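A.B. asks: Sharing model_20.pdb (PDB, C-alpha atoms and all ligand atoms) below.
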```pdb
MODEL        1
ATOM      1  CA  MET A  68     -14.737  -0.401  12.528  1.00  0.00           C
ATOM      2  CA  ILE A  69     -11.414  -1.189  10.832  1.00  0.00           C
ATOM      3  CA  ILE A  70     -11.147  -2.287   7.197  1.00  0.00           C
ATOM      4  CA  ALA A  71      -7.836  -3.677   5.862  1.00  0.00           C
ATOM      5  CA  VAL A  72      -7.041  -3.470   2.145  1.00  0.00           C
ATOM      6  CA  ASP A  73      -3.833  -5.184   1.007  1.00  0.00           C
ATOM      7  CA  GLY A  74      -2.242  -6.020  -2.327  1.00  0.00           C
ATOM      8  CA  PRO A  75       0.697  -5.388  -4.645  1.00  0.00           C
ATOM      9  CA  ALA A  76       1.516  -2.149  -6.468  1.00  0.00           C
ATOM     10  CA  ALA A  77      -1.234  -0.739  -8.707  1.00  0.00           C
ATOM     11  CA  SER A  78      -3.717  -3.481  -7.775  1.00  0.00           C
ATOM     12  CA  GLY A  79      -6.379  -0.853  -7.060  1.00  0.00           C
ATOM     13  CA  LYS A  80      -6.007  -0.705  -3.264  1.00  0.00           C
ATOM     14  CA  GLY A  81      -5.894   3.064  -3.003  1.00  0.00           C
ATOM     15  CA  THR A  82      -8.990   3.703  -5.129  1.00  0.00           C
ATOM     16  CA  LEU A  83     -10.992   1.041  -3.289  1.00  0.00           C
ATOM     17  CA  ALA A  84      -9.815   2.156   0.165  1.00  0.00           C
ATOM     18  CA  ARG A  85     -10.743   5.802  -0.529  1.00  0.00           C
ATOM     19  CA  ARG A  86     -14.220   4.853  -1.746  1.00  0.00           C
ATOM     20  CA  LEU A  87     -14.863   2.521   1.191  1.00  0.00           C
ATOM     21  CA  ALA A  88     -13.772   5.230   3.648  1.00  0.00           C
ATOM     22  CA  ALA A  89     -16.183   7.748   2.078  1.00  0.00           C
ATOM     23  CA  HIS A  90     -19.017   5.182   1.968  1.00  0.00           C
ATOM     24  CA  PHE A  91     -18.702   4.076   5.601  1.00  0.00           C
ATOM     25  CA  GLY A  92     -17.684   7.500   6.987  1.00  0.00           C
ATOM     26  CA  LEU A  93     -14.233   6.310   8.092  1.00  0.00           C
ATOM     27  CA  ALA A  94     -10.772   7.890   7.954  1.00  0.00           C
ATOM     28  CA  HIS A  95      -8.322   6.582   5.318  1.00  0.00           C
ATOM     29  CA  LEU A  96      -4.573   5.955   5.584  1.00  0.00           C
ATOM     30  CA  ASP A  97      -2.422   4.971   2.604  1.00  0.00           C
ATOM     31  CA  THR A  98       0.324   3.240   4.598  1.00  0.00           C
ATOM     32  CA  GLY A  99       2.579   3.064   1.524  1.00  0.00           C
ATOM     33  CA  LEU A 100       3.092   6.807   1.997  1.00  0.00           C
ATOM     34  CA  LEU A 101       4.828   6.154   5.339  1.00  0.00           C
ATOM     35  CA  TYR A 102       7.355   3.849   3.629  1.00  0.00           C
ATOM     36  CA  ARG A 103       7.705   6.292   0.735  1.00  0.00           C
ATOM     37  CA  ALA A 104       8.317   9.174   3.188  1.00  0.00           C
ATOM     38  CA  THR A 105      10.945   7.050   4.946  1.00  0.00           C
ATOM     39  CA  GLY A 106      12.637   6.243   1.632  1.00  0.00           C
ATOM     40  CA  LEU A 107      12.550   9.892   0.554  1.00  0.00           C
ATOM     41  CA  ARG A 108      14.051  11.079   3.856  1.00  0.00           C
ATOM     42  CA  ALA A 109      16.882   8.539   3.485  1.00  0.00           C
ATOM     43  CA  LEU A 110      17.553   9.633  -0.122  1.00  0.00           C
ATOM     44  CA  LEU A 111      17.530  13.342   0.803  1.00  0.00           C
ATOM     45  CA  ALA A 112      19.988  12.650   3.626  1.00  0.00           C
ATOM     46  CA  GLY A 113      22.313  11.123   1.034  1.00  0.00           C
ATOM     47  CA  ALA A 114      22.035   7.734   2.763  1.00  0.00           C
ATOM     48  CA  ASP A 115      21.672   4.260   1.251  1.00  0.00           C
ATOM     49  CA  PRO A 116      18.015   3.192   1.872  1.00  0.00           C
ATOM     50  CA  ALA A 117      19.350  -0.329   2.553  1.00  0.00           C
ATOM     51  CA  ASP A 118      21.407   0.935   5.519  1.00  0.00           C
ATOM     52  CA  PRO A 119      19.359  -0.141   8.583  1.00  0.00           C
ATOM     53  CA  ALA A 120      20.601   2.652  10.887  1.00  0.00           C
ATOM     54  CA  ALA A 121      19.937   5.439   8.364  1.00  0.00           C
ATOM     55  CA  ALA A 122      16.573   3.988   7.297  1.00  0.00           C
ATOM     56  CA  THR A 123      15.406   3.527  10.879  1.00  0.00           C
ATOM     57  CA  ALA A 124      16.383   7.100  11.767  1.00  0.00           C
ATOM     58  CA  ALA A 125      14.427   8.251   8.691  1.00  0.00           C
ATOM     59  CA  ALA A 126      11.357   6.224   9.754  1.00  0.00           C
ATOM     60  CA  ARG A 127      11.446   7.723  13.265  1.00  0.00           C
ATOM     61  CA  ALA A 128      11.574  11.230  11.800  1.00  0.00           C
ATOM     62  CA  VAL A 129       8.499  10.793   9.555  1.00  0.00           C
ATOM     63  CA  GLU A 130       5.740  13.322  10.316  1.00  0.00           C
ATOM     64  CA  LEU A 131       2.184  13.649   9.064  1.00  0.00           C
ATOM     65  CA  SER A 132       3.196  16.687   6.977  1.00  0.00           C
ATOM     66  CA  ASP A 133       5.698  14.511   5.012  1.00  0.00           C
ATOM     67  CA  LEU A 134       2.781  12.598   3.475  1.00  0.00           C
ATOM     68  CA  ALA A 135       1.731  15.541   1.280  1.00  0.00           C
ATOM     69  CA  ASP A 136       5.115  15.798  -0.507  1.00  0.00           C
ATOM     70  CA  PRO A 137       4.524  15.372  -4.284  1.00  0.00           C
ATOM     71  CA  ARG A 138       7.949  13.705  -4.640  1.00  0.00           C
ATOM     72  CA  LEU A 139       6.505  10.644  -2.868  1.00  0.00           C
ATOM     73  CA  ARG A 140       4.864   9.651  -6.176  1.00  0.00           C
ATOM     74  CA  GLU A 141       8.202   9.251  -8.002  1.00  0.00           C
ATOM     75  CA  GLU A 142       9.310   5.744  -8.969  1.00  0.00           C
ATOM     76  CA  THR A 143      12.785   6.217  -7.436  1.00  0.00           C
ATOM     77  CA  VAL A 144      11.015   6.895  -4.142  1.00  0.00           C
ATOM     78  CA  ALA A 145       8.772   3.805  -4.602  1.00  0.00           C
ATOM     79  CA  ALA A 146      11.893   1.679  -5.092  1.00  0.00           C
ATOM     80  CA  ALA A 147      13.557   3.186  -1.989  1.00  0.00           C
ATOM     81  CA  ALA A 148      10.294   2.551  -0.082  1.00  0.00           C
ATOM     82  CA  SER A 149      10.367  -1.160  -0.813  1.00  0.00           C
ATOM     83  CA  VAL A 150      14.039  -1.325   0.233  1.00  0.00           C
ATOM     84  CA  VAL A 151      13.468   0.379   3.622  1.00  0.00           C
ATOM     85  CA  ALA A 152      10.275  -1.699   4.066  1.00  0.00           C
ATOM     86  CA  ALA A 153      12.356  -4.897   4.295  1.00  0.00           C
ATOM     87  CA  ILE A 154      14.133  -3.620   7.439  1.00  0.00           C
ATOM     88  CA  PRO A 155      12.326  -4.881  10.607  1.00  0.00           C
ATOM     89  CA  ALA A 156      13.283  -1.816  12.696  1.00  0.00           C
ATOM     90  CA  VAL A 157      11.721   0.460  10.063  1.00  0.00           C
ATOM     91  CA  ARG A 158       8.466  -1.527  10.172  1.00  0.00           C
ATOM     92  CA  ALA A 159       8.497  -1.431  13.983  1.00  0.00           C
ATOM     93  CA  ALA A 160       9.028   2.347  13.956  1.00  0.00           C
ATOM     94  CA  LEU A 161       5.991   2.863  11.690  1.00  0.00           C
ATOM     95  CA  LEU A 162       3.698   0.387  13.463  1.00  0.00           C
ATOM     96  CA  ALA A 163       2.518   2.614  16.329  1.00  0.00           C
ATOM     97  CA  PHE A 164       1.535   5.403  13.911  1.00  0.00           C
ATOM     98  CA  GLN A 165      -0.619   2.978  11.889  1.00  0.00           C
ATOM     99  CA  ARG A 166      -2.272   1.342  14.910  1.00  0.00           C
ATOM    100  CA  ASP A 167      -3.046   4.684  16.554  1.00  0.00           C
ATOM    101  CA  PHE A 168      -4.623   5.865  13.309  1.00  0.00           C
ATOM    102  CA  ALA A 169      -6.722   2.684  12.978  1.00  0.00           C
ATOM    103  CA  ARG A 170      -8.038   2.823  16.533  1.00  0.00           C
ATOM    104  CA  ARG A 171      -9.122   6.447  16.515  1.00  0.00           C
ATOM    105  CA  ALA A 172     -12.923   6.979  16.279  1.00  0.00           C
ATOM    106  CA  PRO A 173     -14.921   6.407  14.127  1.00  0.00           C
ATOM    107  CA  GLY A 174     -12.520   3.820  12.674  1.00  0.00           C
ATOM    108  CA  ALA A 175     -10.508   3.646   9.514  1.00  0.00           C
ATOM    109  CA  VAL A 176      -9.660   2.006   6.231  1.00  0.00           C
ATOM    110  CA  LEU A 177      -5.932   1.284   5.907  1.00  0.00           C
ATOM    111  CA  ASP A 178      -4.357   0.132   2.668  1.00  0.00           C
ATOM    112  CA  GLY A 179      -0.938  -1.466   2.329  1.00  0.00           C
ATOM    113  CA  ARG A 180       0.827  -4.823   2.224  1.00  0.00           C
ATOM    114  CA  ASP A 181       0.512  -6.191   5.769  1.00  0.00           C
ATOM    115  CA  ILE A 182      -2.565  -4.504   7.255  1.00  0.00           C
ATOM    116  CA  GLY A 183      -4.668  -7.673   7.576  1.00  0.00           C
ATOM    117  CA  THR A 184      -1.742  -9.825   8.732  1.00  0.00           C
ATOM    118  CA  ALA A 185       0.422  -7.589  10.953  1.00  0.00           C
ATOM    119  CA  VAL A 186      -0.892  -4.061  11.559  1.00  0.00           C
ATOM    120  CA  CYS A 187      -4.588  -4.828  12.210  1.00  0.00           C
ATOM    121  CA  PRO A 188      -5.102  -8.605  12.390  1.00  0.00           C
ATOM    122  CA  GLU A 189      -8.302  -7.816  14.331  1.00  0.00           C
ATOM    123  CA  ALA A 190      -9.795  -5.809  11.418  1.00  0.00           C
ATOM    124  CA  ASP A 191     -13.569  -6.230  10.940  1.00  0.00           C
ATOM    125  CA  ALA A 192     -13.136  -6.940   7.226  1.00  0.00           C
ATOM    126  CA  LYS A 193     -10.079  -7.690   5.090  1.00  0.00           C
ATOM    127  CA  LEU A 194      -9.719  -7.384   1.332  1.00  0.00           C
ATOM    128  CA  PHE A 195      -6.814  -8.597  -0.760  1.00  0.00           C
ATOM    129  CA  LEU A 196      -6.518  -7.147  -4.261  1.00  0.00           C
ATOM    130  CA  THR A 197      -4.573  -8.752  -7.083  1.00  0.00           C
ATOM    131  CA  ALA A 198      -4.176  -8.248 -10.835  1.00  0.00           C
ATOM    132  CA  THR A 199      -1.711  -9.615 -13.357  1.00  0.00           C
ATOM    133  CA  ARG A 200       1.688  -7.948 -13.332  1.00  0.00           C
ATOM    134  CA  GLU A 201       1.159  -6.727 -16.915  1.00  0.00           C
ATOM    135  CA  ALA A 202      -2.187  -5.104 -16.049  1.00  0.00           C
ATOM    136  CA  ARG A 203      -0.629  -3.416 -13.012  1.00  0.00           C
ATOM    137  CA  ALA A 204       2.413  -2.228 -14.957  1.00  0.00           C
ATOM    138  CA  MET A 205       0.116  -0.783 -17.656  1.00  0.00           C
ATOM    139  CA  ARG A 206      -1.884   1.164 -15.036  1.00  0.00           C
ATOM    140  CA  ARG A 207       1.283   2.579 -13.445  1.00  0.00           C
ATOM    141  CA  PHE A 208       2.707   3.334 -16.934  1.00  0.00           C
ATOM    142  CA  LYS A 209      -0.384   5.382 -17.821  1.00  0.00           C
ATOM    143  CA  GLU A 210      -0.229   7.285 -14.510  1.00  0.00           C
ATOM    144  CA  LEU A 211       3.454   8.076 -14.992  1.00  0.00           C
ATOM    145  CA  GLN A 212       3.053   8.923 -18.681  1.00  0.00           C
ATOM    146  CA  ALA A 213       0.509  11.602 -17.764  1.00  0.00           C
ATOM    147  CA  GLY A 214       3.376  13.461 -16.071  1.00  0.00           C
ATOM    148  CA  ASP A 215       6.293  12.402 -18.281  1.00  0.00           C
ATOM    149  CA  SER A 216       5.776  11.381 -21.916  1.00  0.00           C
ATOM    150  CA  GLY A 217       9.246   9.764 -21.954  1.00  0.00           C
ATOM    151  CA  THR A 218       8.097   6.932 -19.665  1.00  0.00           C
ATOM    152  CA  ILE A 219       8.888   3.461 -21.083  1.00  0.00           C
ATOM    153  CA  TYR A 220       6.470   0.560 -20.401  1.00  0.00           C
ATOM    154  CA  GLU A 221       9.204  -2.116 -20.291  1.00  0.00           C
ATOM    155  CA  ARG A 222      11.057  -0.106 -17.661  1.00  0.00           C
ATOM    156  CA  VAL A 223       7.915   0.224 -15.513  1.00  0.00           C
ATOM    157  CA  LEU A 224       7.271  -3.534 -15.826  1.00  0.00           C
ATOM    158  CA  GLN A 225      10.878  -4.267 -14.844  1.00  0.00           C
ATOM    159  CA  ASP A 226      10.744  -1.967 -11.794  1.00  0.00           C
ATOM    160  CA  MET A 227       7.432  -3.488 -10.705  1.00  0.00           C
ATOM    161  CA  THR A 228       8.790  -7.035 -11.046  1.00  0.00           C
ATOM    162  CA  ALA A 229      11.757  -6.119  -8.818  1.00  0.00           C
ATOM    163  CA  ARG A 230       9.495  -4.444  -6.247  1.00  0.00           C
ATOM    164  CA  ASP A 231       7.000  -7.365  -6.232  1.00  0.00           C
ATOM    165  CA  ALA A 232       9.891  -9.746  -5.524  1.00  0.00           C
ATOM    166  CA  ARG A 233      11.247  -7.602  -2.664  1.00  0.00           C
ATOM    167  CA  ASP A 234       7.784  -7.186  -1.122  1.00  0.00           C
ATOM    168  CA  SER A 235       6.855 -10.882  -1.349  1.00  0.00           C
ATOM    169  CA  GLU A 236      10.176 -12.485  -0.466  1.00  0.00           C
ATOM    170  CA  ARG A 237      11.245 -10.368   2.514  1.00  0.00           C
ATOM    171  CA  GLN A 238      11.284 -11.952   5.993  1.00  0.00           C
ATOM    172  CA  ALA A 239       9.568  -9.035   7.769  1.00  0.00           C
ATOM    173  CA  ALA A 240       5.795  -8.938   7.134  1.00  0.00           C
ATOM    174  CA  PRO A 241       5.886 -10.043   3.478  1.00  0.00           C
ATOM    175  CA  LEU A 242       2.965  -9.358   1.154  1.00  0.00           C
ATOM    176  CA  ILE A 243       0.623 -12.272   1.798  1.00  0.00           C
ATOM    177  CA  ARG A 244      -3.144 -12.707   1.853  1.00  0.00           C
ATOM    178  CA  ALA A 245      -4.664 -13.079   5.339  1.00  0.00           C
ATOM    179  CA  ALA A 246      -6.606 -16.365   5.593  1.00  0.00           C
ATOM    180  CA  ASP A 247      -9.873 -14.479   6.242  1.00  0.00           C
ATOM    181  CA  ALA A 248      -9.461 -11.885   3.467  1.00  0.00           C
ATOM    182  CA  LEU A 249     -11.693 -11.670   0.402  1.00  0.00           C
ATOM    183  CA  GLU A 250      -9.496 -11.851  -2.687  1.00  0.00           C
ATOM    184  CA  LEU A 251     -10.515  -9.647  -5.619  1.00  0.00           C
ATOM    185  CA  ASP A 252      -8.706  -9.957  -8.956  1.00  0.00           C
ATOM    186  CA  THR A 253      -9.053  -6.532 -10.569  1.00  0.00           C
ATOM    187  CA  THR A 254      -7.473  -7.497 -13.911  1.00  0.00           C
ATOM    188  CA  ALA A 255     -10.921  -7.541 -15.513  1.00  0.00           C
ATOM    189  CA  LEU A 256     -12.886  -5.853 -12.712  1.00  0.00           C
ATOM    190  CA  ASP A 257     -13.402  -2.085 -12.901  1.00  0.00           C
ATOM    191  CA  ALA A 258     -13.395   0.226  -9.870  1.00  0.00           C
ATOM    192  CA  ASP A 259     -17.210   0.178  -9.539  1.00  0.00           C
ATOM    193  CA  ALA A 260     -17.417  -3.622  -9.643  1.00  0.00           C
ATOM    194  CA  ALA A 261     -14.579  -4.006  -7.111  1.00  0.00           C
ATOM    195  CA  PHE A 262     -16.294  -1.475  -4.823  1.00  0.00           C
ATOM    196  CA  ALA A 263     -19.666  -3.285  -5.084  1.00  0.00           C
ATOM    197  CA  ALA A 264     -18.078  -6.669  -4.274  1.00  0.00           C
ATOM    198  CA  ALA A 265     -16.206  -5.171  -1.314  1.00  0.00           C
ATOM    199  CA  VAL A 266     -19.296  -3.440   0.140  1.00  0.00           C
ATOM    200  CA  ASP A 267     -21.273  -6.684  -0.181  1.00  0.00           C
ATOM    201  CA  PHE A 268     -18.521  -8.650   1.615  1.00  0.00           C
ATOM    202  CA  ILE A 269     -18.216  -6.050   4.422  1.00  0.00           C
ATOM    203  CA  ALA A 270     -22.007  -5.977   4.923  1.00  0.00           C
ATOM    204  CA  ARG A 271     -22.052  -9.767   5.259  1.00  0.00           C
ATOM    205  CA  LYS A 272     -19.107  -9.673   7.691  1.00  0.00           C
ATOM    206  CA  LEU A 273     -20.819  -7.050   9.876  1.00  0.00           C
ATOM    207  CA  ALA A 274     -24.126  -8.959   9.821  1.00  0.00           C
ATOM    208  CA  GLY A 275     -22.350 -12.128  10.952  1.00  0.00           C
ATOM    209  CA  LYS A 276     -20.926 -10.513  14.092  1.00  0.00           C
TER     210      LYS A 276
HETATM  211  O1  LIG B 301       1.196   2.631  -4.677  1.00  0.00           O
HETATM  212  P1  LIG B 301       2.066   1.420  -4.751  1.00  0.00           P
HETATM  213  O2  LIG B 301       1.308   0.170  -4.526  1.00  0.00           O
HETATM  214  O3  LIG B 301       2.954   1.397  -5.941  1.00  0.00           O
HETATM  215  O4  LIG B 301       3.106   1.503  -3.556  1.00  0.00           O
HETATM  216  P2  LIG B 301       2.808   1.899  -2.061  1.00  0.00           P
HETATM  217  O5  LIG B 301       1.559   1.248  -1.566  1.00  0.00           O
HETATM  218  O6  LIG B 301       2.923   3.373  -1.948  1.00  0.00           O
HETATM  219  O7  LIG B 301       4.022   1.204  -1.280  1.00  0.00           O
HETATM  220  C1  LIG B 301       5.371   1.487  -1.550  1.00  0.00           C
HETATM  221  C2  LIG B 301       6.233   0.390  -0.902  1.00  0.00           C
HETATM  222  O8  LIG B 301       6.092   0.459   0.529  1.00  0.00           O
HETATM  223  C3  LIG B 301       5.828  -1.037  -1.263  1.00  0.00           C
HETATM  224  O9  LIG B 301       6.498  -1.536  -2.397  1.00  0.00           O
HETATM  225  C4  LIG B 301       6.194  -1.831  -0.006  1.00  0.00           C
HETATM  226  O10 LIG B 301       7.521  -2.290  -0.047  1.00  0.00           O
HETATM  227  C5  LIG B 301       6.102  -0.842   1.121  1.00  0.00           C
HETATM  228  N1  LIG B 301       4.919  -1.035   1.976  1.00  0.00           N
HETATM  229  C6  LIG B 301       4.972  -1.995   2.973  1.00  0.00           C
HETATM  230  O11 LIG B 301       5.960  -2.698   3.084  1.00  0.00           O
HETATM  231  N2  LIG B 301       3.933  -2.160   3.835  1.00  0.00           N
HETATM  232  C7  LIG B 301       2.823  -1.409   3.713  1.00  0.00           C
HETATM  233  N3  LIG B 301       1.834  -1.574   4.595  1.00  0.00           N
HETATM  234  C8  LIG B 301       2.728  -0.441   2.688  1.00  0.00           C
HETATM  235  C9  LIG B 301       3.789  -0.277   1.821  1.00  0.00           C
ENDMDL
END
```
As structure tokens, please, write out the structure in this file.
Ligand code: CDP
C.D. replies:
Amino acid sequence: MIIAVDGPAASGKGTLARRLAAHFGLAHLDTGLLYRATGLRALLAGADPADPAAATAAARAVELSDLADPRLREETVAAAASVVAAIPAVRAALLAFQRDFARRAPGAVLDGRDIGTAVCPEADAKLFLTATREARAMRRFKELQAGDSGTIYERVLQDMTARDARDSERQAAPLIRAADALELDTTALDADAAFAAAVDFIARKLAGK
């Protein structure tokens, strides 16, 4: 079984994907980490993340052990991730890793931007999470503030607006809801309610097969 969870930054994808994986006994892959690891490798090499050759070399060098690097959580790395993610050769380089992960037994939950549309269009169930930009910026602000009390909300909102635009407007696998995905707006829906709605949808999907 493959479950696809897509949506913009801080829409609640990661929390939902982790809970669904535990509930259904599946593996979980946060695919954003692959783009973050690519961005971080480009930055550490002193390269411009927008340089296709450097970014593609970085994507090809990504290893499983990269995904545990705490620097991946930094906002500079998130910004670099969305820059490298617009380069088709980077996406192609990371595709095999994601598909291999999804197809390994007993199945997996993958969260990202293009899982239901490009990585696993054959997924058994697809969820698309949204929330207002302000709600998402406030969540990310609180997460960041826990580590750095100097974090400024307006700055987080600005960065998120720029990243949303890059992710939605790029040519290569833009953030878009798959036609057969259940859309959940988490602005006023807590993690438990989102999880309950998702489990209900997945159960109905599986019963209909
Ligand atoms: O956690 P957050 O939603 O802030 O970001 P993330 O999921 O770690 O993704 C970081 C960046 O990687 C995004 O802004 C996207 O540009 C890119 N990404 C992508 O293009 N495709 C995916 N399947 C996952 C992430």
A.B. asks: Do you know which residues are within 9 Å of ligand LIG 301 (chain B) using all atoms listed in the file? Can you write them as a VMD selection string?
C.D. replies: chain A and resid 73 to 81 97 to 103 106 139 to 140 142 144 to 153 158 165 177 to 182 185 to 186 207 227 230 to 231 233 to 235 239 to 242
A.B. asks: Calculated over only C-alpha atoms, which of the candidates A:Ala175, A:Leu211, A:Ala128, A:Val223 has the smallest distance to A:Ala192?
C.D. replies: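 Between A:Ala175, A:Leu211, A:Ala128, A:Val223, the residue approaching A:Ala192 most closely is A:Ala175.
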A.B. asks: Just the number, please: distance in Å from atom CA of A:Ala229 to atom CA of A:Cys187, one decimal.
C.D. replies: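 We find that atom CA of A:Ala229 and atom CA of A:Cys187 lie 26.7 Å from each other.
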A.B. asks: Compile the contact shell of stretch 253-265 of chain A as a PyMOL selection string: residues with an atom at most 7 Å away, counting only C-alpha atoms, same-chain residues fewer than 4 positions apart removed.
C.D. replies: chain A and resi 78+83+196-199+202+269
A.B. asks: Can you list what the PyMOL selection byres (((chain A and resi 129) around 12) and not hetatm) grabs from this structure, as a PDB file with C-alpha atoms, in the coordinates of the input?
C.D. replies:
```pdb
ATOM      1  CA  LEU A 100       3.092   6.807   1.997  1.00  0.00           C
ATOM      2  CA  LEU A 101       4.828   6.154   5.339  1.00  0.00           C
ATOM      3  CA  TYR A 102       7.355   3.849   3.629  1.00  0.00           C
ATOM      4  CA  ARG A 103       7.705   6.292   0.735  1.00  0.00           C
ATOM      5  CA  ALA A 104       8.317   9.174   3.188  1.00  0.00           C
ATOM      6  CA  THR A 105      10.945   7.050   4.946  1.00  0.00           C
ATOM      7  CA  GLY A 106      12.637   6.243   1.632  1.00  0.00           C
ATOM      8  CA  LEU A 107      12.550   9.892   0.554  1.00  0.00           C
ATOM      9  CA  ARG A 108      14.051  11.079   3.856  1.00  0.00           C
ATOM     10  CA  ALA A 109      16.882   8.539   3.485  1.00  0.00           C
ATOM     11  CA  ALA A 122      16.573   3.988   7.297  1.00  0.00           C
ATOM     12  CA  THR A 123      15.406   3.527  10.879  1.00  0.00           C
ATOM     13  CA  ALA A 124      16.383   7.100  11.767  1.00  0.00           C
ATOM     14  CA  ALA A 125      14.427   8.251   8.691  1.00  0.00           C
ATOM     15  CA  ALA A 126      11.357   6.224   9.754  1.00  0.00           C
ATOM     16  CA  ARG A 127      11.446   7.723  13.265  1.00  0.00           C
ATOM     17  CA  ALA A 128      11.574  11.230  11.800  1.00  0.00           C
ATOM     18  CA  GLU A 130       5.740  13.322  10.316  1.00  0.00           C
ATOM     19  CA  LEU A 131       2.184  13.649   9.064  1.00  0.00           C
ATOM     20  CA  SER A 132       3.196  16.687   6.977  1.00  0.00           C
ATOM     21  CA  ASP A 133       5.698  14.511   5.012  1.00  0.00           C
ATOM     22  CA  LEU A 134       2.781  12.598   3.475  1.00  0.00           C
ATOM     23  CA  ALA A 135       1.731  15.541   1.280  1.00  0.00           C
ATOM     24  CA  ASP A 136       5.115  15.798  -0.507  1.00  0.00           C
ATOM     25  CA  VAL A 157      11.721   0.460  10.063  1.00  0.00           C
ATOM     26  CA  ALA A 160       9.028   2.347  13.956  1.00  0.00           C
ATOM     27  CA  LEU A 161       5.991   2.863  11.690  1.00  0.00           C
ATOM     28  CA  PHE A 164       1.535   5.403  13.911  1.00  0.00           C
TER      29      PHE A 164
END
```
A.B. asks: On this structure, which residues satisfy the PyMOL selection byres (((chain A and resi 174) around 9) and not hetatm), written as a list in words?
C.D. replies: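 Applied to this file, the PyMOL selection byres (((chain A and resi 174) around 9) and not hetatm) returns Met68, Ile69, Ile70, Gly92, Leu93, Ala94, His95, Phe168, Ala169, Arg170, Arg171, Ala172, Pro173, Ala175 and Val176 of chain A.
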A.B. asks: With all atoms listed in the file as the atoms that count, which of A:Ala246, A:Ala117, A:Leu96, A:Arg200 lies nearest to A:Ala232?
C.D. replies: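 So, comparing all the options, the nearest one is A:Arg200.
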A.B. asks: Mind giving me the straight-line distance from atom CA of A:Lys193 to atom CA of A:Ala245 in Å, one decimal?
C.D. replies: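 Calculated distance between atom CA of A:Lys193 and atom CA of A:Ala245 is 7.6 Å.
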A.B. asks: Find the distance between atom CA of A:Leu249 and atom CA of A:Leu194 and write it in Å to one decimal.
C.D. replies: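 So the answer is 4.8 Å.
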A.B. asks: Let me make sure I understand: among A:Ala114, A:Phe195, A:Ala120, A:Glu201, which one has the smallest atom-to-atom distance to A:Leu251 if we use all atoms listed in the file?
C.D. replies: A:Phe195
A.B. asks: With 8 Å of padding per side, what axis-aligned box (centre and edge lengths, Å, one decimal) covers all the listed atoms of stretch 256-262 of chain A? Give it as AutoDock Vina command-line options.
C.D. replies:
```
--center_x -15.2 --center_y -2.8 --center_z -8.9 --size_x 20.5 --size_y 22.1 --size_z 24.1
```
